[in-house]
Every structure is written in C-alpha cells, then in structure tokens.
Amino acid sequence: MDSGRVEVPVAPPYQVLVGPGINLAEVLSGTLEPKVGAILTDSNVGPLYASSLQRTLEDAGWGVADVVEVRAGEGSKTLQTYAELVGRLARAGLTRDGALFALGGGVVGDLGGFVAATFLRGIDLVQLPTSLLAMVDSSVGGKVGVDLPEGKNLVGSFLQPRLVVADLGWLETLPAPEVSHGLAEVIKMGLLSGGTFFDDLDRIEAALDGDLDALRVLIVHSVRFKARIVAEDELERGRRAILNYGHTIGHGLEAAAGYALPHGEAVSAGMVAAARLSRERLGSDLVALHEDLLRSARLPLKVPAVDVEKVLSAMGRDKKRRAGDAYRLVLLEEVGKPLWGVPVAVEEVRRMIGGVVG
Ligand SMILES: NC(=O)c1ccc[n+]([C@@H]2O[C@H](COP(=O)([O-])OP(=O)(O)OC[C@H]3O[C@@H](n4cnc5c(N)ncnc54)[C@H](O)[C@@H]3O)[C@@H](O)[C@H]2O)c1
Ligand SMILES: [Zn+2]
C-alpha cells in the first residue's frame with residue numbers, strides 16, 4: 001500500500017501519482033515530450049498554484065500558450081464556458097499535438113477533459129486534481145463533460161488522461177467541507193471494495209485532520225479500486241455501474257434541490273437510503289455501519305426537505321413510468337459485495353427517499 005503510483009490498465013495505460021512533493025517535471029518528462037500546452041484552472045485554485053505550475057512546465061522545456069481561469073463552481077461546467085475556452089485555445093494557437101493541463105477540482109477536470117476530447121478532435125490531457133473528490137474519483141476513468149440546463153453531465157465523452165498527478169500539498173488549502181465531500185466517494189468505494197480498503201476507512205478522522213499519510217492511503221485505495229473497475233468496463237456497459245452506489249438517489253436529490261445541494265451530501269443521504277433498501281431486499285444490515293462512517297466524515301445522513309416526487313421523476317427523467325414499475329439500483333449484499341441493476345419498486349424507493357429528506 002505504500003506506493004503512491006497506480007497504473008490504470010487501459011489502452012494506452014496511464015499512471016496516477018499520489019504523494020506530497022511529486023516532481024512534476026520529472027514525471028512529465030517520462031510521459032510526454034515537451035511541447036506547447038495550456039493550463040485550465042479556476043478562480044480559487046489559479047491564484048494559489050497556476051504560476052508555480054507554469055514555471056515548472058517552462059523549466060521542463062514546455063511552452064505555455066495560455067493560462068485560463070474559469071469562475072470556481074459547477075456553474076462553469078457549461079457549453080457556454082466550453083465555447084469560450086475552445087475559442088481561446090484556437091486564438092492562442094494551440095495545435096493538434098498540444099496538451100491541456102487541468103489544474104483544479106472535478107469541475108475543471110470534467111470541463112477541461114471535454115475541451116481536450118474535442119478541441120482539434122482531441123489533444124492530450126493531463127489531470128492535476130486539487131480537490132479530494134477529484135483525486136479519488138473524477139480525475140481517473142475518463143468521463144468528461146459539461147452540464148445542460150436540463151441536467152448534469154448531459155453532454156460529454158470518454159477521454160482517458162495521459163497522466164494524473166495528485167499532489168497532497170494542494171489539499172492544505174481545500175476548505176474542510178470539500179474534504180468531507182471527497183470522503184463520501186472514498187466511503188462509497190471502501191464499502192464496494194471491502195478488504196483492506198474497507199479496514200482503512202478507520203483513518204477517515206485522521207484524514208479530516210489533514211494527516212497526509214491517512215489521506216495518501218485512502219486516495220491510493222480509491223484510485224486503485226476505481227482503476228480496476230474502469231479497466232474491466234471502460235465504457236460502463238456493465239459492472240462499472242457499481243460506482244453509482246448511492247448516486248441514483250443522490251442525483252435525484254441534487255436535481256430536486258435545483259443543484260443547490262453539494263454532491264457529497266446528496267450521495268451521503270443516497271447511500272443511507274441504499275443501505276436501508278439493501279436491508280429490506282437482501283437482508284444485510286449495514287445501516288448503522290453506513291451511518292457511523294458517514295458521521296465520522298462529518299457528512300449528513302439526511303438532506304433538507306425537497307419534494308420526493310421531484311426526486312423520483314429526476315431519477316427516471318427519460319422514461320415514463322407506470323405505478324409498479326421498478327427503478328434499477330446498486331445495492332450491497334455485504335461489504336465488498338455489490339449487486340447492480342436490482343429492480344426496486346417505485347413505492348419502496350419513495351419510502352426510502354422520504355426517510356432521508358427533511
Ligand atoms: N468525471 C467523473 O468521473 C466524475 C466523478 C465524480 C464527480 N465528477 C464531477 O466533479 C465535480 C465536482 O468536483 P469537486 O467536488 O472537485 O468540485 P469543484 O471543482 O467545484 O471543487 C470544489 C471547490 O473546491 C475548490 N478547490 C479545489 N481545489 C482546491 C484547493 N486545493 N484549494 C482551495 N480550493 C480548492 C474549487 O475552487 C471549488 O470551489 C462535479 O461537476 C461532478 O459532476 C466527475
Ligand atoms: Zn459522486
């Protein structure tokens with residue numbers, strides 16, 4: 001578990017490096033020939049880390065055509081920002097063999113990834129995740145995209161990065177609630193994985209206190225787990241769906257709250273509901289375990305009141321459902337044993353959502 005290096009075995013494979021004080025120039029020179037790149041970041045992360053990244057790249061022989069800062073927050077993951085960005089890269093003269101460095105949280109990673117997937121029909125992407133959520137989840141696996149007014153992540157593509165570097169030093173400036181939001185994904189994957197990953201979830205409180213060793217252990221477990229699932233099912237035709245544990249209901253809650261709810265909090269409540277459904281359907285009693293883990297990460301077990309019918313319709317947005325029709329959910333038979341595509345009747349789902357709102 002000591003190694004902070006995980007290989008994601010897709011074609012072509014790429015490395016995810018996790019640790020304090022990673023020598024980016026050195027790592028990069030083993031991966032990509034120096035050429036011209038652009039940096040995408042946001043208005044919180046840019047002022048902290050973009051100029052030092054630019055210096056590192058230039059010292060390593062790279063040209064930096066542009067440093068683009070978008071406004072921090074989900075509101076930048078739009079087609080409009082996307083259009084402004086690709087226009088700027090075109091004016092900066094970035095060419096087909098250029099690279100985009102996405103320095104920021106999941107918003108910058110998803111938006112930058114979609115730019116890299118499409119600008120000139122695709123340029124290299126280097127993910128430099130600075131939030132815990134981006135380090136454990138969004139920077140690995142190749143899902144990139146933007147939101148529409150009609151819903152989140154409705155336009156996108158798959159583009160695996162060439163390299164991912166997660167420097168734990170960046171987490172020093174991450175606000176505490178954002179650490180909790182990342183831990184929601186860590187808990188999700190620990191429950192799905194079982195084994196030593198699950199055992200190491202007892203390091204959550206240390207991670208919240210900024211213990212770098214605890215953070216590194218939890219990030220490496222998460223990346224290793226996600227890498228394995230992604231390699232088995234890169235385009236989510238089957239088993240990759242287990243990563244949606246707590247997310248089907250979580251996304252419904254987010255949509256019903258008009259996206260005013262942090263994703264990590266919605267997923268936290270979504271996992272509580274999924275644990276209760278697992279108890280009813282599969283006889284597993286993991287509810288108290290879920291609650292203890294989520295509380296240890298300072299995550300809520302409920303979200304503020306939203307209209308349950310709105311949650312249900314957001315969960316089945318694209319299909320008309322009749323009474324008695326089922327939702328297909330990921331449930332946990334036991335720790336480390338997820339089942340996906342389990343049909344659960346609308347009535348049961350409605351009751352469980354009622355239990356995690358208000
Ligand atoms: N592609 C995927 O597989 C995948 C998976 C999960 C989530 N996502 C997406 O990721 C996004 C959420 O990611 P997020 O939680 O990182 O959100 P985010 O990018 O908005 O970052 C959260 C906040 O933390 C700030 N921040 C980030 N790093 C910082 C640092 N080191 N110091 C100070 N502030 C910092 C950001 O500016 C922002 O205000 C969502 O859009 C979600 O859809 C994608
Ligand atoms: Zn998530």
# chains A, B, ... in the order shown; residues from 1 in each chain; ligands from 1
$ residues_near_ligand --ligand "ligand 1" --cutoff "7 Å" --atoms "only C-alpha atoms and all ligand atoms" --output "PyMOL selection string"
chain A and resi 42-45+72-74+77+104-108+110+130-134+137-144+152-153+170-175+178+181-182
$ residues_near_ligand --ligand "ligand 2" --cutoff "12 Å" --atoms "only C-alpha atoms and all ligand atoms" --output "ChimeraX atom specification"
/A:106,132-134,136-139,143,152-153,181-189,242-251,254,262-268,270-271
$ residues_around --residues "Val220 in chain A" --least-positions-apart "5" --cutoff "12 Å" --atoms "only C-alpha atoms" --output "count of residues only"
33
$ residues_around --residues "Trp62 in chain A" --least-positions-apart "6" --cutoff "12 Å" --atoms "only C-alpha atoms" --output "PDB file with C-alpha atoms, in the first residue's frame"
ATOM      1  CA  ALA A  25       8.753  17.983 -14.308  1.00  0.00           C
ATOM      2  CA  LEU A  28       6.101  14.510 -17.093  1.00  0.00           C
ATOM      3  CA  SER A  29       9.349  14.012 -18.956  1.00  0.00           C
ATOM      4  CA  LEU A  32       5.160  13.275 -22.787  1.00  0.00           C
ATOM      5  CA  GLU A  33       7.694  15.036 -24.994  1.00  0.00           C
ATOM      6  CA  PRO A  34       7.867  18.727 -24.072  1.00  0.00           C
ATOM      7  CA  LYS A  35       5.704  20.730 -26.466  1.00  0.00           C
ATOM      8  CA  VAL A  36       3.155  23.525 -26.142  1.00  0.00           C
ATOM      9  CA  GLY A  37       0.373  23.261 -23.601  1.00  0.00           C
ATOM     10  CA  ALA A  38      -2.296  25.348 -21.940  1.00  0.00           C
ATOM     11  CA  ILE A  39      -3.364  25.419 -18.309  1.00  0.00           C
ATOM     12  CA  LEU A  53       2.765  25.099 -12.417  1.00  0.00           C
ATOM     13  CA  GLN A  54       3.569  27.390 -15.322  1.00  0.00           C
ATOM     14  CA  ARG A  55       7.160  27.803 -14.058  1.00  0.00           C
ATOM     15  CA  THR A  56       7.558  24.058 -13.584  1.00  0.00           C
ATOM     16  CA  GLY A  98      -0.687  20.311 -27.783  1.00  0.00           C
ATOM     17  CA  ALA A  99      -1.742  19.333 -24.287  1.00  0.00           C
ATOM     18  CA  LEU A 100      -4.193  20.660 -21.747  1.00  0.00           C
ATOM     19  CA  PHE A 101      -3.288  20.682 -18.042  1.00  0.00           C
TER      20      PHE A 101
END
$ residues_around --residues "Val115 in chain A" --least-positions-apart "2" --cutoff "9 Å" --atoms "only C-alpha atoms" --output "NGL selection string"
:A and (82-83 or 85-86 or 100 or 110-113 or 117-119 or 122-123 or 144-145)
$ closest_residue --among "A:Leu235, A:Leu40, A:Leu24, A:Val357" --to "Leu57 in chain A" --atoms "only C-alpha atoms"
A:Leu24
$ closest_residue --among "A:Val223, A:Leu163, A:Ala102, A:Leu301" --to "Ala275 in chain A" --atoms "only C-alpha atoms"
A:Leu301
$ select_by_dssp --residues "range 18-88 of chain A" --states "strand (DSSP E or B)" --output "PyMOL selection string"
chain A and resi 18-19+36-42+63-70
$ residues_around --residues "Ala231 in chain A" --least-positions-apart "2" --cutoff "10 Å" --atoms "only C-alpha atoms" --output "JSON, numbers by chain"
{"A": [8, 9, 10, 11, 13, 141, 226, 227, 228, 229, 233, 234, 235, 240]}
$ decode --residues "range 322-349 of chain A" --atoms "N, CA, C and O atoms" --output "compact mmCIF listing (two decimals), in the first residue's frame"
# COMPACT_ATOMS: atom_id res chain seq x y z
N ARG A 322 -44.94 3.73 -15.08
CA ARG A 322 -46.27 3.45 -14.54
C ARG A 322 -46.11 2.98 -13.11
O ARG A 322 -45.04 2.51 -12.71
N ALA A 323 -47.22 3.08 -12.33
CA ALA A 323 -47.17 2.59 -10.96
C ALA A 323 -46.70 1.14 -10.99
O ALA A 323 -47.11 0.37 -11.85
N GLY A 324 -45.80 0.78 -10.08
CA GLY A 324 -45.35 -0.60 -10.03
C GLY A 324 -44.07 -0.83 -10.83
O GLY A 324 -43.37 -1.80 -10.61
N ASP A 325 -43.78 0.09 -11.75
CA ASP A 325 -42.52 -0.03 -12.49
C ASP A 325 -41.36 0.08 -11.52
O ASP A 325 -41.47 0.72 -10.49
N ALA A 326 -40.24 -0.50 -11.90
CA ALA A 326 -39.13 -0.54 -10.96
C ALA A 326 -38.00 0.40 -11.36
O ALA A 326 -37.80 0.67 -12.55
N TYR A 327 -37.29 0.91 -10.35
CA TYR A 327 -36.00 1.56 -10.59
C TYR A 327 -34.94 0.48 -10.48
O TYR A 327 -35.11 -0.50 -9.78
N ARG A 328 -33.83 0.67 -11.18
CA ARG A 328 -32.73 -0.29 -11.07
C ARG A 328 -31.62 0.36 -10.28
O ARG A 328 -31.10 1.39 -10.66
N LEU A 329 -31.29 -0.25 -9.16
CA LEU A 329 -30.35 0.38 -8.24
C LEU A 329 -29.19 -0.56 -7.90
O LEU A 329 -29.27 -1.77 -8.08
N VAL A 330 -28.12 0.06 -7.40
CA VAL A 330 -27.00 -0.71 -6.86
C VAL A 330 -27.27 -0.92 -5.37
O VAL A 330 -27.53 0.04 -4.65
N LEU A 331 -27.26 -2.17 -4.94
CA LEU A 331 -27.45 -2.47 -3.51
C LEU A 331 -26.26 -3.27 -3.01
O LEU A 331 -25.47 -3.80 -3.79
N LEU A 332 -26.11 -3.32 -1.69
CA LEU A 332 -24.98 -4.04 -1.08
C LEU A 332 -25.49 -5.29 -0.37
O LEU A 332 -26.26 -5.18 0.59
N GLU A 333 -25.02 -6.43 -0.84
CA GLU A 333 -25.39 -7.68 -0.18
C GLU A 333 -24.60 -7.81 1.12
O GLU A 333 -25.11 -8.23 2.14
N GLU A 334 -23.33 -7.46 1.04
CA GLU A 334 -22.49 -7.27 2.22
C GLU A 334 -21.35 -6.37 1.81
O GLU A 334 -21.23 -6.02 0.63
N VAL A 335 -20.51 -5.97 2.78
CA VAL A 335 -19.38 -5.11 2.42
C VAL A 335 -18.53 -5.85 1.39
O VAL A 335 -18.20 -7.03 1.57
N GLY A 336 -18.22 -5.18 0.29
CA GLY A 336 -17.42 -5.81 -0.76
C GLY A 336 -18.24 -6.63 -1.75
O GLY A 336 -17.69 -7.23 -2.67
N LYS A 337 -19.57 -6.70 -1.55
CA LYS A 337 -20.41 -7.49 -2.47
C LYS A 337 -21.58 -6.68 -3.00
O LYS A 337 -22.74 -6.84 -2.58
N PRO A 338 -21.31 -5.77 -3.94
CA PRO A 338 -22.41 -5.01 -4.52
C PRO A 338 -23.16 -5.81 -5.60
O PRO A 338 -22.58 -6.69 -6.23
N LEU A 339 -24.43 -5.50 -5.76
CA LEU A 339 -25.21 -6.03 -6.88
C LEU A 339 -25.70 -4.82 -7.65
O LEU A 339 -26.06 -3.82 -7.04
N TRP A 340 -25.71 -4.89 -8.97
CA TRP A 340 -26.22 -3.73 -9.71
C TRP A 340 -27.40 -4.14 -10.57
O TRP A 340 -27.61 -5.32 -10.81
N GLY A 341 -28.18 -3.12 -10.94
CA GLY A 341 -29.36 -3.42 -11.76
C GLY A 341 -30.46 -4.11 -10.98
O GLY A 341 -31.30 -4.80 -11.57
N VAL A 342 -30.47 -3.94 -9.63
CA VAL A 342 -31.51 -4.60 -8.83
C VAL A 342 -32.82 -3.83 -8.98
O VAL A 342 -32.87 -2.63 -8.69
N PRO A 343 -33.90 -4.48 -9.44
CA PRO A 343 -35.17 -3.74 -9.59
C PRO A 343 -35.80 -3.49 -8.22
O PRO A 343 -35.89 -4.40 -7.40
N VAL A 344 -36.16 -2.23 -7.98
CA VAL A 344 -36.81 -1.87 -6.72
C VAL A 344 -38.07 -1.08 -7.09
O VAL A 344 -37.99 -0.12 -7.87
N ALA A 345 -39.21 -1.48 -6.54
CA ALA A 345 -40.48 -0.86 -6.91
C ALA A 345 -40.51 0.61 -6.49
O ALA A 345 -39.93 1.01 -5.48
N VAL A 346 -41.22 1.40 -7.29
CA VAL A 346 -41.32 2.84 -7.06
C VAL A 346 -41.74 3.15 -5.62
O VAL A 346 -41.17 4.03 -4.97
N GLU A 347 -42.73 2.37 -5.13
CA GLU A 347 -43.26 2.63 -3.79
C GLU A 347 -42.18 2.51 -2.72
O GLU A 347 -42.08 3.34 -1.81
N GLU A 348 -41.34 1.48 -2.86
CA GLU A 348 -40.25 1.26 -1.90
C GLU A 348 -39.23 2.40 -1.96
O GLU A 348 -38.74 2.87 -0.93
N VAL A 349 -38.91 2.80 -3.19
CA VAL A 349 -37.92 3.87 -3.36
C VAL A 349 -38.47 5.16 -2.75
O VAL A 349 -37.77 5.89 -2.04
